[in-house]
Amino acid sequence: MNKIEWLTDGMTAMPEIDTAQLSEWIATVAKTHNRIVGPLVYIFCDDQKIIEVNRQFLDHDYFTDIITFDYSRGRMISGDMFISLDTVLSNSELVGADYYRELMRVIIHGVLHLCGINDKGPGEREIMEDFENKALALFDELN
């Protein structure tokens, strides 16, 4: 498996995560979608950075939990994923979920996008949520 990088932007502190455990989980989820993991970069940031990225690259003027840049080719997934820890926290509070669990959902959400699963069209959000839930259940089984 190619290296997965876990970075922070600016003053954002690295979340307390087991990157080796997450890397194994990501590879397993990718395999369930007939994909192999190539270079992946996670950049944990704050809301200020995520809105800058959203405006600059997507011409969107709103906060989001993750922005995924897809460099995948064929079966190999590859990409850069910006995750706003501020938005992950506010979303976890909004839905009454554990922060760590919500972070895992967002981390795998980006991988699922790289596997070709979309969430913007009619009915796609439900499909994405189903795959997120299956991936989270797999995470529980592995740990």
# chains A, B, ... in the order shown; residues from 1 in each chain; ligands from 1
call {"tool": "residues_around", "arguments": {"residues": "stretch 103-114 of chain A", "least_positions_apart": "5", "cutoff": "8 Å", "atoms": "only C-alpha atoms", "output": "list in words"}}
result
Ile26, Ala30, Asp65, Ile66, Ile67, Thr68, Asp70, Ser72, Ile77, Ser78, Gly79, Met81, Ile83, Leu85, Val88, Met128, Phe131, Glu132, Ala135 and Leu136 of chain A
call {"tool": "residues_around", "arguments": {"residues": "A:Asp18", "least_positions_apart": "3", "cutoff": "12 Å", "atoms": "only C-alpha atoms", "output": "list in words"}}
result
Trp6, Met14, Pro15, Gln21, Leu22, Ser23, Glu24, Trp25, Tyr100, Met104 and Asn143 of chain A
call {"tool": "write_last_selection", "arguments": {"atoms": "N, CA, C and O atoms", "output": "PDB file, in the first residue's frame"}}
result
ATOM      1  N   TRP A   6      -0.693  12.302   6.699  1.00  0.00           N
ATOM      2  CA  TRP A   6      -1.631  12.941   7.623  1.00  0.00           C
ATOM      3  C   TRP A   6      -1.005  14.264   8.052  1.00  0.00           C
ATOM      4  O   TRP A   6      -0.024  14.273   8.792  1.00  0.00           O
ATOM      5  N   MET A  14      -3.117  18.335  15.216  1.00  0.00           N
ATOM      6  CA  MET A  14      -3.424  17.011  14.679  1.00  0.00           C
ATOM      7  C   MET A  14      -4.402  16.302  15.622  1.00  0.00           C
ATOM      8  O   MET A  14      -4.175  16.261  16.832  1.00  0.00           O
ATOM      9  N   PRO A  15      -5.498  15.794  15.091  1.00  0.00           N
ATOM     10  CA  PRO A  15      -6.428  15.055  15.965  1.00  0.00           C
ATOM     11  C   PRO A  15      -5.764  13.792  16.490  1.00  0.00           C
ATOM     12  O   PRO A  15      -4.839  13.260  15.870  1.00  0.00           O
ATOM     13  N   GLN A  21      -3.779   2.371  12.044  1.00  0.00           N
ATOM     14  CA  GLN A  21      -5.075   1.697  12.092  1.00  0.00           C
ATOM     15  C   GLN A  21      -5.996   2.245  11.001  1.00  0.00           C
ATOM     16  O   GLN A  21      -6.669   1.486  10.296  1.00  0.00           O
ATOM     17  N   LEU A  22      -6.007   3.562  10.833  1.00  0.00           N
ATOM     18  CA  LEU A  22      -6.858   4.178   9.818  1.00  0.00           C
ATOM     19  C   LEU A  22      -6.403   3.812   8.412  1.00  0.00           C
ATOM     20  O   LEU A  22      -7.232   3.586   7.526  1.00  0.00           O
ATOM     21  N   SER A  23      -5.103   3.749   8.204  1.00  0.00           N
ATOM     22  CA  SER A  23      -4.579   3.389   6.884  1.00  0.00           C
ATOM     23  C   SER A  23      -5.016   1.977   6.491  1.00  0.00           C
ATOM     24  O   SER A  23      -5.395   1.731   5.343  1.00  0.00           O
ATOM     25  N   GLU A  24      -4.974   1.060   7.447  1.00  0.00           N
ATOM     26  CA  GLU A  24      -5.419  -0.321   7.193  1.00  0.00           C
ATOM     27  C   GLU A  24      -6.912  -0.335   6.853  1.00  0.00           C
ATOM     28  O   GLU A  24      -7.339  -1.021   5.915  1.00  0.00           O
ATOM     29  N   TRP A  25      -7.691   0.413   7.610  1.00  0.00           N
ATOM     30  CA  TRP A  25      -9.134   0.483   7.368  1.00  0.00           C
ATOM     31  C   TRP A  25      -9.428   1.057   5.982  1.00  0.00           C
ATOM     32  O   TRP A  25     -10.250   0.517   5.235  1.00  0.00           O
ATOM     33  N   TYR A 100     -15.210  11.817  17.542  1.00  0.00           N
ATOM     34  CA  TYR A 100     -14.295  10.876  16.905  1.00  0.00           C
ATOM     35  C   TYR A 100     -15.011  10.061  15.833  1.00  0.00           C
ATOM     36  O   TYR A 100     -14.495   9.847  14.734  1.00  0.00           O
ATOM     37  N   MET A 104     -14.267   9.924  11.772  1.00  0.00           N
ATOM     38  CA  MET A 104     -14.078   8.692  10.990  1.00  0.00           C
ATOM     39  C   MET A 104     -15.004   8.685   9.772  1.00  0.00           C
ATOM     40  O   MET A 104     -14.610   8.295   8.677  1.00  0.00           O
ATOM     41  N   ASN A 143     -11.482  -3.242  14.852  1.00  0.00           N
ATOM     42  CA  ASN A 143     -10.894  -2.708  16.090  1.00  0.00           C
ATOM     43  C   ASN A 143     -11.547  -3.229  17.333  1.00  0.00           C
ATOM     44  O   ASN A 143     -12.348  -3.671  17.691  1.00  0.00           O
TER      45      ASN A 143
END
call {"tool": "select_by_dssp", "arguments": {"residues": "stretch 10-120 of chain A", "states": "alpha helix (DSSP H)", "output": "VMD selection string"}}
result
chain A and resid 19 to 32 47 to 58 85 to 95 99 to 114
call {"tool": "residues_around", "arguments": {"residues": "A:Met76", "least_positions_apart": "2", "cutoff": "8 Å", "atoms": "only C-alpha atoms", "output": "ChimeraX atom specification"}}
result
/A:35-38,72-74,78
call {"tool": "select_by_dssp", "arguments": {"residues": "stretch 65-116 of chain A", "states": "strand (DSSP E)", "output": "ChimeraX atom specification"}}
result
/A:66-70,76-84
call {"tool": "atom_distance", "arguments": {"atom1": "atom CA of A:Ile17", "atom2": "atom CA of A:Thr32"}}
result
22.8 Å
call {"tool": "residues_around", "arguments": {"residues": "stretch 7-9 of chain A", "least_positions_apart": "3", "cutoff": "6 Å", "atoms": "only C-alpha atoms", "output": "ChimeraX atom specification"}}
result
/A:12,42-45
call {"tool": "closest_residue", "arguments": {"among": "A:Asp86, A:Asp80, A:Asp119, A:Glu124", "to": "A:Phe63", "atoms": "only C-alpha atoms"}}
result
A:Asp86
call {"tool": "decode", "arguments": {"residues": "stretch 1-142 of chain A", "atoms": "C-alpha atoms", "output": "PDB file, in the first residue's frame"}}
result
ATOM      1  CA  MET A   1       0.000   0.000   0.000  1.00  0.00           C
ATOM      2  CA  ASN A   2       1.259   3.464  -0.816  1.00  0.00           C
ATOM      3  CA  LYS A   3       1.814   5.949   1.913  1.00  0.00           C
ATOM      4  CA  ILE A   4      -1.047   7.923   3.359  1.00  0.00           C
ATOM      5  CA  GLU A   5       0.064  11.277   4.679  1.00  0.00           C
ATOM      6  CA  TRP A   6      -1.631  12.941   7.623  1.00  0.00           C
ATOM      7  CA  LEU A   7      -0.947  16.683   7.774  1.00  0.00           C
ATOM      8  CA  THR A   8      -2.264  19.833   9.422  1.00  0.00           C
ATOM      9  CA  ASP A   9      -2.576  23.322   8.040  1.00  0.00           C
ATOM     10  CA  GLY A  10      -1.568  26.382  10.016  1.00  0.00           C
ATOM     11  CA  MET A  11      -2.412  26.384  13.692  1.00  0.00           C
ATOM     12  CA  THR A  12      -4.679  23.334  13.552  1.00  0.00           C
ATOM     13  CA  ALA A  13      -3.612  20.574  15.949  1.00  0.00           C
ATOM     14  CA  MET A  14      -3.424  17.011  14.679  1.00  0.00           C
ATOM     15  CA  PRO A  15      -6.428  15.055  15.965  1.00  0.00           C
ATOM     16  CA  GLU A  16      -5.694  12.103  18.223  1.00  0.00           C
ATOM     17  CA  ILE A  17      -5.975   9.320  15.686  1.00  0.00           C
ATOM     18  CA  ASP A  18      -4.147   6.067  15.088  1.00  0.00           C
ATOM     19  CA  THR A  19      -2.919   6.645  11.537  1.00  0.00           C
ATOM     20  CA  ALA A  20      -1.668   3.061  11.075  1.00  0.00           C
ATOM     21  CA  GLN A  21      -5.075   1.697  12.092  1.00  0.00           C
ATOM     22  CA  LEU A  22      -6.858   4.178   9.818  1.00  0.00           C
ATOM     23  CA  SER A  23      -4.579   3.389   6.884  1.00  0.00           C
ATOM     24  CA  GLU A  24      -5.419  -0.321   7.193  1.00  0.00           C
ATOM     25  CA  TRP A  25      -9.134   0.483   7.368  1.00  0.00           C
ATOM     26  CA  ILE A  26      -8.955   2.777   4.331  1.00  0.00           C
ATOM     27  CA  ALA A  27      -7.194   0.069   2.299  1.00  0.00           C
ATOM     28  CA  THR A  28      -9.826  -2.481   3.327  1.00  0.00           C
ATOM     29  CA  VAL A  29     -12.699  -0.161   2.376  1.00  0.00           C
ATOM     30  CA  ALA A  30     -11.050   0.613  -0.962  1.00  0.00           C
ATOM     31  CA  LYS A  31     -10.662  -3.118  -1.611  1.00  0.00           C
ATOM     32  CA  THR A  32     -14.407  -3.658  -1.015  1.00  0.00           C
ATOM     33  CA  HIS A  33     -14.948  -1.219  -3.904  1.00  0.00           C
ATOM     34  CA  ASN A  34     -12.405  -3.036  -6.116  1.00  0.00           C
ATOM     35  CA  ARG A  35      -9.863  -0.246  -5.661  1.00  0.00           C
ATOM     36  CA  ILE A  36      -6.292  -0.074  -4.432  1.00  0.00           C
ATOM     37  CA  VAL A  37      -4.838   2.766  -2.411  1.00  0.00           C
ATOM     38  CA  GLY A  38      -2.337   5.072  -4.059  1.00  0.00           C
ATOM     39  CA  PRO A  39      -0.978   8.305  -2.613  1.00  0.00           C
ATOM     40  CA  LEU A  40      -3.495   9.934  -0.276  1.00  0.00           C
ATOM     41  CA  VAL A  41      -2.988  13.144   1.669  1.00  0.00           C
ATOM     42  CA  TYR A  42      -5.268  14.237   4.501  1.00  0.00           C
ATOM     43  CA  ILE A  43      -4.914  17.883   5.505  1.00  0.00           C
ATOM     44  CA  PHE A  44      -6.685  18.739   8.758  1.00  0.00           C
ATOM     45  CA  CYS A  45      -7.572  22.421   8.927  1.00  0.00           C
ATOM     46  CA  ASP A  46      -9.990  24.949  10.413  1.00  0.00           C
ATOM     47  CA  ASP A  47     -13.087  26.588   8.951  1.00  0.00           C
ATOM     48  CA  GLN A  48     -11.101  29.584   7.699  1.00  0.00           C
ATOM     49  CA  LYS A  49      -8.889  27.362   5.531  1.00  0.00           C
ATOM     50  CA  ILE A  50     -11.721  25.162   4.259  1.00  0.00           C
ATOM     51  CA  ILE A  51     -13.705  28.172   3.052  1.00  0.00           C
ATOM     52  CA  GLU A  52     -10.591  29.568   1.348  1.00  0.00           C
ATOM     53  CA  VAL A  53     -10.119  26.253  -0.477  1.00  0.00           C
ATOM     54  CA  ASN A  54     -13.834  26.089  -1.298  1.00  0.00           C
ATOM     55  CA  ARG A  55     -13.811  29.610  -2.750  1.00  0.00           C
ATOM     56  CA  GLN A  56     -10.520  29.267  -4.616  1.00  0.00           C
ATOM     57  CA  PHE A  57     -10.986  25.876  -6.239  1.00  0.00           C
ATOM     58  CA  LEU A  58     -14.741  25.233  -6.313  1.00  0.00           C
ATOM     59  CA  ASP A  59     -16.189  28.760  -6.371  1.00  0.00           C
ATOM     60  CA  HIS A  60     -18.370  27.840  -3.366  1.00  0.00           C
ATOM     61  CA  ASP A  61     -18.891  30.298  -0.517  1.00  0.00           C
ATOM     62  CA  TYR A  62     -19.774  28.015   2.380  1.00  0.00           C
ATOM     63  CA  PHE A  63     -18.209  25.845   5.049  1.00  0.00           C
ATOM     64  CA  THR A  64     -17.997  22.104   4.573  1.00  0.00           C
ATOM     65  CA  ASP A  65     -16.448  19.198   6.448  1.00  0.00           C
ATOM     66  CA  ILE A  66     -14.360  17.820   3.564  1.00  0.00           C
ATOM     67  CA  ILE A  67     -13.140  18.804   0.133  1.00  0.00           C
ATOM     68  CA  THR A  68     -11.670  15.991  -1.947  1.00  0.00           C
ATOM     69  CA  PHE A  69      -9.357  16.499  -4.902  1.00  0.00           C
ATOM     70  CA  ASP A  70      -9.395  13.328  -6.972  1.00  0.00           C
ATOM     71  CA  TYR A  71      -6.221  12.220  -8.799  1.00  0.00           C
ATOM     72  CA  SER A  72      -7.297   8.582  -9.156  1.00  0.00           C
ATOM     73  CA  ARG A  73      -6.438   6.540 -12.233  1.00  0.00           C
ATOM     74  CA  GLY A  74      -8.116   3.284 -13.050  1.00  0.00           C
ATOM     75  CA  ARG A  75      -8.448   1.184  -9.913  1.00  0.00           C
ATOM     76  CA  MET A  76      -5.858   3.205  -7.951  1.00  0.00           C
ATOM     77  CA  ILE A  77      -7.381   5.877  -5.728  1.00  0.00           C
ATOM     78  CA  SER A  78      -5.316   8.970  -5.095  1.00  0.00           C
ATOM     79  CA  GLY A  79      -6.157  12.419  -3.826  1.00  0.00           C
ATOM     80  CA  ASP A  80      -5.821  15.289  -1.408  1.00  0.00           C
ATOM     81  CA  MET A  81      -8.524  15.726   1.208  1.00  0.00           C
ATOM     82  CA  PHE A  82      -8.981  18.862   3.282  1.00  0.00           C
ATOM     83  CA  ILE A  83     -10.979  18.242   6.466  1.00  0.00           C
ATOM     84  CA  SER A  84     -12.232  21.104   8.623  1.00  0.00           C
ATOM     85  CA  LEU A  85     -12.079  19.915  12.209  1.00  0.00           C
ATOM     86  CA  ASP A  86     -14.249  22.908  13.182  1.00  0.00           C
ATOM     87  CA  THR A  87     -17.055  21.727  10.909  1.00  0.00           C
ATOM     88  CA  VAL A  88     -16.609  18.103  11.991  1.00  0.00           C
ATOM     89  CA  LEU A  89     -17.100  19.257  15.596  1.00  0.00           C
ATOM     90  CA  SER A  90     -20.150  21.415  14.835  1.00  0.00           C
ATOM     91  CA  ASN A  91     -21.701  18.626  12.730  1.00  0.00           C
ATOM     92  CA  SER A  92     -21.117  16.072  15.489  1.00  0.00           C
ATOM     93  CA  GLU A  93     -22.878  18.357  17.953  1.00  0.00           C
ATOM     94  CA  LEU A  94     -25.691  19.047  15.487  1.00  0.00           C
ATOM     95  CA  VAL A  95     -26.483  15.369  14.935  1.00  0.00           C
ATOM     96  CA  GLY A  96     -25.606  14.227  18.465  1.00  0.00           C
ATOM     97  CA  ALA A  97     -22.727  12.039  17.308  1.00  0.00           C
ATOM     98  CA  ASP A  98     -19.427  11.377  19.020  1.00  0.00           C
ATOM     99  CA  TYR A  99     -16.738  13.718  17.597  1.00  0.00           C
ATOM    100  CA  TYR A 100     -14.295  10.876  16.905  1.00  0.00           C
ATOM    101  CA  ARG A 101     -17.012   8.856  15.160  1.00  0.00           C
ATOM    102  CA  GLU A 102     -17.953  11.845  13.015  1.00  0.00           C
ATOM    103  CA  LEU A 103     -14.299  12.342  12.106  1.00  0.00           C
ATOM    104  CA  MET A 104     -14.078   8.692  10.990  1.00  0.00           C
ATOM    105  CA  ARG A 105     -17.194   9.206   8.866  1.00  0.00           C
ATOM    106  CA  VAL A 106     -15.648  12.233   7.172  1.00  0.00           C
ATOM    107  CA  ILE A 107     -12.295  10.512   6.630  1.00  0.00           C
ATOM    108  CA  ILE A 108     -13.963   7.589   4.862  1.00  0.00           C
ATOM    109  CA  HIS A 109     -16.366   9.906   2.999  1.00  0.00           C
ATOM    110  CA  GLY A 110     -13.408  11.256   1.038  1.00  0.00           C
ATOM    111  CA  VAL A 111     -12.212   7.739   0.223  1.00  0.00           C
ATOM    112  CA  LEU A 112     -15.687   6.788  -0.983  1.00  0.00           C
ATOM    113  CA  HIS A 113     -15.661   9.792  -3.327  1.00  0.00           C
ATOM    114  CA  LEU A 114     -12.329   8.561  -4.681  1.00  0.00           C
ATOM    115  CA  CYS A 115     -13.970   5.157  -5.213  1.00  0.00           C
ATOM    116  CA  GLY A 116     -16.525   6.847  -7.473  1.00  0.00           C
ATOM    117  CA  ILE A 117     -19.441   7.313  -5.091  1.00  0.00           C
ATOM    118  CA  ASN A 118     -21.203  10.651  -5.423  1.00  0.00           C
ATOM    119  CA  ASP A 119     -23.616  12.433  -3.095  1.00  0.00           C
ATOM    120  CA  LYS A 120     -24.990  15.454  -4.949  1.00  0.00           C
ATOM    121  CA  GLY A 121     -27.543  13.963  -7.338  1.00  0.00           C
ATOM    122  CA  PRO A 122     -31.016  12.567  -6.635  1.00  0.00           C
ATOM    123  CA  GLY A 123     -30.802   9.581  -4.307  1.00  0.00           C
ATOM    124  CA  GLU A 124     -27.005   9.693  -4.164  1.00  0.00           C
ATOM    125  CA  ARG A 125     -26.813  11.037  -0.603  1.00  0.00           C
ATOM    126  CA  GLU A 126     -28.623   7.961   0.710  1.00  0.00           C
ATOM    127  CA  ILE A 127     -26.269   5.676  -1.219  1.00  0.00           C
ATOM    128  CA  MET A 128     -23.252   7.516   0.205  1.00  0.00           C
ATOM    129  CA  GLU A 129     -24.643   7.288   3.747  1.00  0.00           C
ATOM    130  CA  ASP A 130     -25.214   3.564   3.312  1.00  0.00           C
ATOM    131  CA  PHE A 131     -21.594   3.062   2.219  1.00  0.00           C
ATOM    132  CA  GLU A 132     -20.376   5.265   5.090  1.00  0.00           C
ATOM    133  CA  ASN A 133     -22.340   3.159   7.573  1.00  0.00           C
ATOM    134  CA  LYS A 134     -20.969  -0.077   6.094  1.00  0.00           C
ATOM    135  CA  ALA A 135     -17.422   1.311   6.287  1.00  0.00           C
ATOM    136  CA  LEU A 136     -17.922   2.405   9.904  1.00  0.00           C
ATOM    137  CA  ALA A 137     -19.231  -1.064  10.774  1.00  0.00           C
ATOM    138  CA  LEU A 138     -16.095  -2.523   9.168  1.00  0.00           C
ATOM    139  CA  PHE A 139     -13.984  -0.127  11.268  1.00  0.00           C
ATOM    140  CA  ASP A 140     -15.720  -1.472  14.384  1.00  0.00           C
ATOM    141  CA  GLU A 141     -15.034  -5.072  13.304  1.00  0.00           C
ATOM    142  CA  LEU A 142     -11.350  -4.358  12.694  1.00  0.00           C
TER     143      LEU A 142
END
